[in-house]
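See below for final-v9.cif, which holds mmCIF, N, CA and C atoms.
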```
data_query
#
loop_
_atom_site.label_atom_id
_atom_site.label_comp_id
_atom_site.auth_asym_id
_atom_site.auth_seq_id
_atom_site.Cartn_x
_atom_site.Cartn_y
_atom_site.Cartn_z
N MET A 1261 93.61 76.60 98.15
CA MET A 1261 94.72 77.37 98.68
C MET A 1261 94.22 78.74 99.12
N ALA A 1262 94.62 79.13 100.31
CA ALA A 1262 94.27 80.45 100.83
C ALA A 1262 95.55 81.25 101.06
N VAL A 1263 95.40 82.57 101.08
CA VAL A 1263 96.53 83.46 101.28
C VAL A 1263 96.23 84.34 102.49
N TYR A 1264 97.15 84.32 103.46
CA TYR A 1264 96.96 85.05 104.72
C TYR A 1264 98.07 86.09 104.90
N LEU A 1265 97.70 87.22 105.46
CA LEU A 1265 98.66 88.24 105.89
C LEU A 1265 98.56 88.33 107.40
N ILE A 1266 99.69 88.13 108.09
CA ILE A 1266 99.69 88.18 109.55
C ILE A 1266 100.55 89.37 109.98
N THR A 1267 99.89 90.39 110.49
CA THR A 1267 100.59 91.57 111.01
C THR A 1267 99.62 92.40 111.84
N ARG A 1268 100.18 93.09 112.81
CA ARG A 1268 99.37 94.03 113.60
C ARG A 1268 99.72 95.46 113.23
N HIS A 1269 100.55 95.63 112.21
CA HIS A 1269 101.04 96.95 111.82
C HIS A 1269 100.22 97.53 110.66
N PRO A 1270 99.51 98.64 110.87
CA PRO A 1270 98.69 99.23 109.81
C PRO A 1270 99.49 99.59 108.55
N GLY A 1271 100.71 100.09 108.72
CA GLY A 1271 101.54 100.44 107.56
C GLY A 1271 101.86 99.22 106.72
N ALA A 1272 102.07 98.08 107.36
CA ALA A 1272 102.37 96.85 106.63
C ALA A 1272 101.16 96.39 105.83
N VAL A 1273 99.97 96.53 106.40
CA VAL A 1273 98.75 96.16 105.68
C VAL A 1273 98.59 97.04 104.45
N LYS A 1274 98.78 98.34 104.61
CA LYS A 1274 98.66 99.26 103.47
C LYS A 1274 99.70 98.93 102.41
N TRP A 1275 100.94 98.69 102.84
CA TRP A 1275 102.01 98.39 101.88
C TRP A 1275 101.70 97.10 101.13
N ALA A 1276 101.26 96.06 101.86
CA ALA A 1276 100.96 94.78 101.22
C ALA A 1276 99.86 94.92 100.18
N LYS A 1277 98.84 95.71 100.48
CA LYS A 1277 97.77 95.93 99.50
C LYS A 1277 98.29 96.66 98.28
N GLU A 1278 99.23 97.59 98.49
CA GLU A 1278 99.81 98.34 97.37
C GLU A 1278 100.64 97.45 96.44
N THR A 1279 101.15 96.33 96.95
CA THR A 1279 101.96 95.43 96.12
C THR A 1279 101.11 94.71 95.09
N GLY A 1280 99.80 94.70 95.30
CA GLY A 1280 98.91 94.02 94.37
C GLY A 1280 98.62 92.58 94.74
N LEU A 1281 99.20 92.10 95.84
CA LEU A 1281 98.91 90.74 96.28
C LEU A 1281 97.50 90.68 96.85
N PHE A 1282 96.82 89.56 96.61
CA PHE A 1282 95.49 89.35 97.16
C PHE A 1282 95.60 88.50 98.41
N PHE A 1283 94.94 88.91 99.48
CA PHE A 1283 94.92 88.15 100.72
C PHE A 1283 93.48 87.77 101.03
N ASN A 1284 93.25 86.48 101.31
CA ASN A 1284 91.92 86.04 101.73
C ASN A 1284 91.56 86.60 103.10
N GLN A 1285 92.61 86.74 103.95
CA GLN A 1285 92.35 87.19 105.31
C GLN A 1285 93.59 87.86 105.88
N THR A 1286 93.38 88.93 106.64
CA THR A 1286 94.44 89.57 107.40
C THR A 1286 94.21 89.24 108.87
N ILE A 1287 95.27 88.73 109.52
CA ILE A 1287 95.18 88.27 110.90
C ILE A 1287 96.17 89.07 111.74
N GLN A 1288 95.72 89.57 112.90
CA GLN A 1288 96.63 90.33 113.77
C GLN A 1288 97.46 89.43 114.68
N HIS A 1289 96.90 88.32 115.12
CA HIS A 1289 97.60 87.40 116.01
C HIS A 1289 97.45 86.00 115.43
N ILE A 1290 98.56 85.29 115.31
CA ILE A 1290 98.56 84.01 114.60
C ILE A 1290 97.69 82.96 115.28
N ASP A 1291 96.95 82.26 114.45
CA ASP A 1291 96.14 81.11 114.85
C ASP A 1291 96.40 80.06 113.78
N PHE A 1292 96.96 78.93 114.15
CA PHE A 1292 97.36 77.94 113.16
C PHE A 1292 96.19 77.13 112.62
N GLN A 1293 95.03 77.25 113.21
CA GLN A 1293 93.87 76.45 112.84
C GLN A 1293 93.54 76.51 111.34
N PRO A 1294 93.51 77.68 110.72
CA PRO A 1294 93.06 77.69 109.32
C PRO A 1294 94.11 77.24 108.31
N PHE A 1295 95.38 77.13 108.68
CA PHE A 1295 96.43 76.87 107.70
C PHE A 1295 96.42 75.42 107.25
N GLN A 1296 96.55 75.25 105.92
CA GLN A 1296 96.57 73.92 105.32
C GLN A 1296 97.70 73.83 104.31
N HIS A 1297 97.99 72.61 103.92
CA HIS A 1297 99.01 72.37 102.90
C HIS A 1297 98.68 73.19 101.65
N GLY A 1298 99.66 73.92 101.15
CA GLY A 1298 99.47 74.72 99.94
C GLY A 1298 99.08 76.17 100.18
N ASP A 1299 98.69 76.50 101.41
CA ASP A 1299 98.36 77.90 101.71
C ASP A 1299 99.63 78.75 101.66
N LYS A 1300 99.44 80.05 101.53
CA LYS A 1300 100.55 81.00 101.57
C LYS A 1300 100.32 81.92 102.76
N VAL A 1301 101.35 82.04 103.60
CA VAL A 1301 101.28 82.87 104.80
C VAL A 1301 102.35 83.95 104.69
N TYR A 1302 101.93 85.20 104.71
CA TYR A 1302 102.83 86.35 104.63
C TYR A 1302 102.84 87.03 105.99
N GLY A 1303 104.00 87.48 106.46
CA GLY A 1303 104.02 88.17 107.73
C GLY A 1303 105.40 88.43 108.27
N LEU A 1304 105.42 88.74 109.56
CA LEU A 1304 106.64 89.07 110.31
C LEU A 1304 106.75 88.13 111.51
N LEU A 1305 106.75 86.85 111.25
CA LEU A 1305 106.69 85.87 112.33
C LEU A 1305 108.06 85.58 112.93
N PRO A 1306 108.10 85.33 114.24
CA PRO A 1306 109.33 84.81 114.84
C PRO A 1306 109.64 83.44 114.23
N VAL A 1307 110.90 83.05 114.26
CA VAL A 1307 111.35 81.85 113.55
C VAL A 1307 110.61 80.59 114.01
N HIS A 1308 110.32 80.45 115.30
CA HIS A 1308 109.66 79.23 115.77
C HIS A 1308 108.22 79.14 115.26
N LEU A 1309 107.56 80.27 115.05
CA LEU A 1309 106.21 80.26 114.49
C LEU A 1309 106.24 80.03 112.99
N ALA A 1310 107.23 80.59 112.31
CA ALA A 1310 107.40 80.34 110.88
C ALA A 1310 107.64 78.85 110.63
N ALA A 1311 108.39 78.20 111.53
CA ALA A 1311 108.64 76.77 111.39
C ALA A 1311 107.35 75.97 111.51
N ARG A 1312 106.46 76.38 112.39
CA ARG A 1312 105.16 75.68 112.51
C ARG A 1312 104.33 75.85 111.25
N VAL A 1313 104.35 77.04 110.66
CA VAL A 1313 103.63 77.27 109.41
C VAL A 1313 104.15 76.31 108.33
N CYS A 1314 105.47 76.24 108.21
CA CYS A 1314 106.08 75.37 107.19
C CYS A 1314 105.80 73.90 107.48
N ASP A 1315 105.78 73.52 108.75
CA ASP A 1315 105.50 72.14 109.14
C ASP A 1315 104.10 71.71 108.73
N LEU A 1316 103.19 72.66 108.65
CA LEU A 1316 101.81 72.38 108.21
C LEU A 1316 101.70 72.26 106.70
N GLY A 1317 102.80 72.53 105.99
CA GLY A 1317 102.79 72.43 104.54
C GLY A 1317 102.43 73.72 103.83
N ALA A 1318 102.34 74.81 104.58
CA ALA A 1318 102.07 76.12 103.98
C ALA A 1318 103.39 76.79 103.61
N GLU A 1319 103.34 77.71 102.66
CA GLU A 1319 104.51 78.52 102.32
C GLU A 1319 104.58 79.69 103.28
N TYR A 1320 105.81 80.04 103.69
CA TYR A 1320 105.98 81.22 104.54
C TYR A 1320 106.77 82.28 103.78
N TRP A 1321 106.18 83.47 103.66
CA TRP A 1321 106.79 84.63 103.01
C TRP A 1321 106.99 85.70 104.07
N HIS A 1322 108.25 86.02 104.34
CA HIS A 1322 108.59 86.97 105.40
C HIS A 1322 108.67 88.39 104.85
N LEU A 1323 108.10 89.32 105.59
CA LEU A 1323 108.18 90.73 105.23
C LEU A 1323 109.53 91.26 105.71
N CYS A 1324 110.44 91.44 104.79
CA CYS A 1324 111.79 91.93 105.09
C CYS A 1324 111.83 93.44 104.84
N ILE A 1325 112.39 94.17 105.78
CA ILE A 1325 112.50 95.62 105.67
C ILE A 1325 113.87 96.03 106.19
N ASP A 1326 114.58 96.83 105.44
CA ASP A 1326 115.90 97.32 105.85
C ASP A 1326 115.72 98.59 106.69
N VAL A 1327 115.29 98.40 107.92
CA VAL A 1327 114.95 99.53 108.80
C VAL A 1327 116.22 100.11 109.41
N PRO A 1328 116.44 101.43 109.25
CA PRO A 1328 117.60 102.05 109.88
C PRO A 1328 117.42 102.07 111.41
N GLU A 1329 118.53 102.12 112.10
CA GLU A 1329 118.51 102.04 113.56
C GLU A 1329 117.59 103.08 114.20
N HIS A 1330 117.59 104.30 113.69
CA HIS A 1330 116.79 105.36 114.32
C HIS A 1330 115.27 105.17 114.14
N LYS A 1331 114.86 104.23 113.28
CA LYS A 1331 113.42 103.99 113.07
C LYS A 1331 112.95 102.67 113.69
N ARG A 1332 113.85 101.91 114.29
CA ARG A 1332 113.47 100.62 114.88
C ARG A 1332 112.52 100.83 116.05
N GLY A 1333 111.53 99.96 116.12
CA GLY A 1333 110.56 100.03 117.21
C GLY A 1333 109.44 101.03 116.97
N GLN A 1334 109.41 101.66 115.80
CA GLN A 1334 108.38 102.64 115.47
C GLN A 1334 107.47 102.08 114.39
N GLU A 1335 106.24 102.55 114.37
CA GLU A 1335 105.34 102.20 113.28
C GLU A 1335 105.83 102.91 112.02
N LEU A 1336 105.87 102.17 110.93
CA LEU A 1336 106.33 102.75 109.66
C LEU A 1336 105.14 103.07 108.77
N THR A 1337 105.25 104.15 108.04
CA THR A 1337 104.22 104.52 107.07
C THR A 1337 104.45 103.74 105.79
N LEU A 1338 103.49 103.79 104.91
CA LEU A 1338 103.62 103.17 103.59
C LEU A 1338 104.84 103.72 102.87
N GLN A 1339 105.03 105.02 102.92
CA GLN A 1339 106.16 105.66 102.24
C GLN A 1339 107.49 105.22 102.84
N GLU A 1340 107.55 105.09 104.16
CA GLU A 1340 108.78 104.64 104.81
C GLU A 1340 109.09 103.19 104.43
N MET A 1341 108.07 102.37 104.37
CA MET A 1341 108.30 100.97 103.99
C MET A 1341 108.88 100.88 102.59
N GLU A 1342 108.35 101.69 101.69
CA GLU A 1342 108.89 101.71 100.32
C GLU A 1342 110.34 102.20 100.33
N ARG A 1343 110.62 103.24 101.10
CA ARG A 1343 111.97 103.80 101.18
C ARG A 1343 112.96 102.81 101.79
N PHE A 1344 112.49 101.96 102.71
CA PHE A 1344 113.36 101.01 103.39
C PHE A 1344 113.36 99.63 102.72
N ASN A 1345 112.98 99.61 101.44
CA ASN A 1345 113.09 98.39 100.62
C ASN A 1345 112.26 97.22 101.16
N ALA A 1346 111.03 97.48 101.56
CA ALA A 1346 110.16 96.40 102.03
C ALA A 1346 109.91 95.42 100.88
N ARG A 1347 109.92 94.13 101.23
CA ARG A 1347 109.70 93.09 100.23
C ARG A 1347 109.34 91.80 100.95
N PHE A 1348 108.64 90.93 100.24
CA PHE A 1348 108.36 89.60 100.76
C PHE A 1348 109.38 88.63 100.19
N GLU A 1349 109.98 87.82 101.06
CA GLU A 1349 110.93 86.80 100.64
C GLU A 1349 110.46 85.46 101.22
N ARG A 1350 110.49 84.43 100.37
CA ARG A 1350 110.03 83.12 100.82
C ARG A 1350 111.13 82.39 101.60
N PHE A 1351 110.71 81.81 102.73
CA PHE A 1351 111.61 81.02 103.57
C PHE A 1351 110.96 79.68 103.86
N HIS A 1352 111.76 78.65 103.92
CA HIS A 1352 111.30 77.35 104.42
C HIS A 1352 112.07 77.10 105.71
N VAL A 1353 111.36 77.11 106.83
CA VAL A 1353 111.98 77.02 108.14
C VAL A 1353 111.66 75.67 108.75
N THR A 1354 112.69 74.98 109.24
CA THR A 1354 112.49 73.71 109.92
C THR A 1354 113.21 73.73 111.26
N LEU A 1355 112.65 73.00 112.21
CA LEU A 1355 113.26 72.87 113.52
C LEU A 1355 114.30 71.77 113.45
N SER A 1356 115.51 72.06 113.85
CA SER A 1356 116.59 71.08 113.84
C SER A 1356 116.71 70.47 115.23
N GLN A 1357 116.73 69.17 115.28
CA GLN A 1357 116.81 68.46 116.57
C GLN A 1357 118.23 68.29 117.02
#
```
The structure in this file should be written as structure tokens.
Amino acid sequence: MAVYLITRHPGAVKWAKETGLFFNQTIQHIDFQPFQHGDKVYGLLPVHLAARVCDLGAEYWHLCIDVPEHKRGQELTLQEMERFNARFERFHVTLSQ
């Protein structure tokens, strides 16, 4: 089992390291090649990409942040992420036909 963090945001990488979670690899742009059944994938993925992660048998943990409107679209610092209740929440996403 491997643990991946997928984000291009430096503040998110710093925050994730501060949580004490261990990541085998940090990836800026998703590549499904390394993911296997039982892996854990943490990140901020769009729903269709999260569904592909889950379809491969990996766990998807979404980085949820309660970002106020005036801070949307901006890079957040470690301190801002803590203030805005950053947390990882597990989701199982499937494509419905």
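A straight line drawn from CA of Gln1285 (chain A) to CA of Leu1265 (chain A) is 6.4 Å long.
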Problem set entry | Shortest interatomic distance to Phe1344 (chain A) - which of A:Ile1325, A:Ile1287, A:Ala1310, A:Gln1357, counting all atoms listed in the file | A:Ile1325
Exercise. Using all atoms listed in the file, which of A:Ala1318, A:Leu1309, A:Ile1266, A:Cys1324 sits nearest Ala1346 (chain A)?
Worked result: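 Smallest distance to Ala1346 (chain A) is found for A:Cys1324.
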Problem set entry | For region 1290-1301 of chain A: contacts at 8 Å, all atoms listed in the file, fewer than 6 positions along chain excluded, given as a count of residues only | 18
Problem set entry | Straight-line distance linking atom C of Thr1286 (chain A) with CA of Leu1304 (chain A), stated in Å to one decimal |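 For atom C of Thr1286 (chain A) relative to CA of Leu1304 (chain A), the distance reads 12.5 Å.
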Problem set entry | Residue among A:Val1307, A:Gln1339, A:Gln1288, A:Val1327 lying closest to Val1353 (chain A), counting all atoms listed in the file |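 Closest to Val1353 (chain A), using all atoms listed in the file: A:Val1307.
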Based on DSSP run over this structure's backbone, return all residues of region 1271-1336 of chain A in strand (DSSP E), as a PDB file with N, CA and C atoms, keeping the file's coordinate frame.
```
ATOM      1  N   GLN A1285      92.610  86.740 103.950  1.00  0.00           N
ATOM      2  CA  GLN A1285      92.350  87.190 105.310  1.00  0.00           C
ATOM      3  C   GLN A1285      93.590  87.860 105.880  1.00  0.00           C
ATOM      4  N   THR A1286      93.380  88.930 106.640  1.00  0.00           N
ATOM      5  CA  THR A1286      94.440  89.570 107.400  1.00  0.00           C
ATOM      6  C   THR A1286      94.210  89.240 108.870  1.00  0.00           C
ATOM      7  N   ILE A1287      95.270  88.730 109.520  1.00  0.00           N
ATOM      8  CA  ILE A1287      95.180  88.270 110.900  1.00  0.00           C
ATOM      9  C   ILE A1287      96.170  89.070 111.740  1.00  0.00           C
ATOM     10  N   LYS A1300      99.440  80.050 101.530  1.00  0.00           N
ATOM     11  CA  LYS A1300     100.550  81.000 101.570  1.00  0.00           C
ATOM     12  C   LYS A1300     100.320  81.920 102.760  1.00  0.00           C
ATOM     13  N   VAL A1301     101.350  82.040 103.600  1.00  0.00           N
ATOM     14  CA  VAL A1301     101.280  82.870 104.800  1.00  0.00           C
ATOM     15  C   VAL A1301     102.350  83.950 104.690  1.00  0.00           C
ATOM     16  N   TYR A1302     101.930  85.200 104.710  1.00  0.00           N
ATOM     17  CA  TYR A1302     102.830  86.350 104.630  1.00  0.00           C
ATOM     18  C   TYR A1302     102.840  87.030 105.990  1.00  0.00           C
ATOM     19  N   GLY A1303     104.000  87.480 106.460  1.00  0.00           N
ATOM     20  CA  GLY A1303     104.020  88.170 107.730  1.00  0.00           C
ATOM     21  C   GLY A1303     105.400  88.430 108.270  1.00  0.00           C
ATOM     22  N   GLU A1319     103.340  77.710 102.660  1.00  0.00           N
ATOM     23  CA  GLU A1319     104.510  78.520 102.320  1.00  0.00           C
ATOM     24  C   GLU A1319     104.580  79.690 103.280  1.00  0.00           C
ATOM     25  N   TYR A1320     105.810  80.040 103.690  1.00  0.00           N
ATOM     26  CA  TYR A1320     105.980  81.220 104.540  1.00  0.00           C
ATOM     27  C   TYR A1320     106.770  82.280 103.780  1.00  0.00           C
ATOM     28  N   TRP A1321     106.180  83.470 103.660  1.00  0.00           N
ATOM     29  CA  TRP A1321     106.790  84.630 103.010  1.00  0.00           C
ATOM     30  C   TRP A1321     106.990  85.700 104.070  1.00  0.00           C
ATOM     31  N   HIS A1322     108.250  86.020 104.340  1.00  0.00           N
ATOM     32  CA  HIS A1322     108.590  86.970 105.400  1.00  0.00           C
ATOM     33  C   HIS A1322     108.670  88.390 104.850  1.00  0.00           C
ATOM     34  N   LEU A1323     108.100  89.320 105.590  1.00  0.00           N
ATOM     35  CA  LEU A1323     108.180  90.730 105.230  1.00  0.00           C
ATOM     36  C   LEU A1323     109.530  91.260 105.710  1.00  0.00           C
ATOM     37  N   CYS A1324     110.440  91.440 104.790  1.00  0.00           N
ATOM     38  CA  CYS A1324     111.790  91.930 105.090  1.00  0.00           C
ATOM     39  C   CYS A1324     111.830  93.440 104.840  1.00  0.00           C
TER      40      CYS A1324
END
```
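The coordinates place atom C of Leu1281 (chain A) at 27.5 Å from atom N of Lys1331 (chain A).
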To box region 1317-1330 of chain A, take all atoms listed in the file, fit an axis-aligned box, add 6 Å on each side, and give centre and edge lengths in Å to one decimal, as lines of an AutoDock Vina configuration file.
```
center_x = 110.3
center_y = 88.9
center_z = 108.3
size_x = 28.5
size_y = 44.9
size_z = 24.0
```
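Minimum distance to Arg1268 (chain A) across A:His1330, A:Leu1338, A:Pro1306, A:His1289 (counting only N, CA and C atoms) occurs at A:His1289.
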Problem set entry | Residue with smallest distance to Arg1347 (chain A) - pool A:Lys1274, A:Asp1326, A:Phe1282, A:Cys1314, counting all atoms listed in the file |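 The shortest atom-to-atom distance to Arg1347 (chain A) comes from A:Asp1326.
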For this session: Using the chain letters and numbering of this document, enumerate as a VMD selection string the residues selected by the PyMOL selection byres ((chain A and resi 1271) around 8).
Result: chain A and resid 1268 to 1270 1272 to 1277 1335 to 1339 1341
Exercise. Can you list, as a ChimeraX atom specification, every residue of region 1284-1340 of chain A that DSSP puts in helix (DSSP H, G or I)?
Worked result: /A:1307-1315,1329-1331,1338-1340
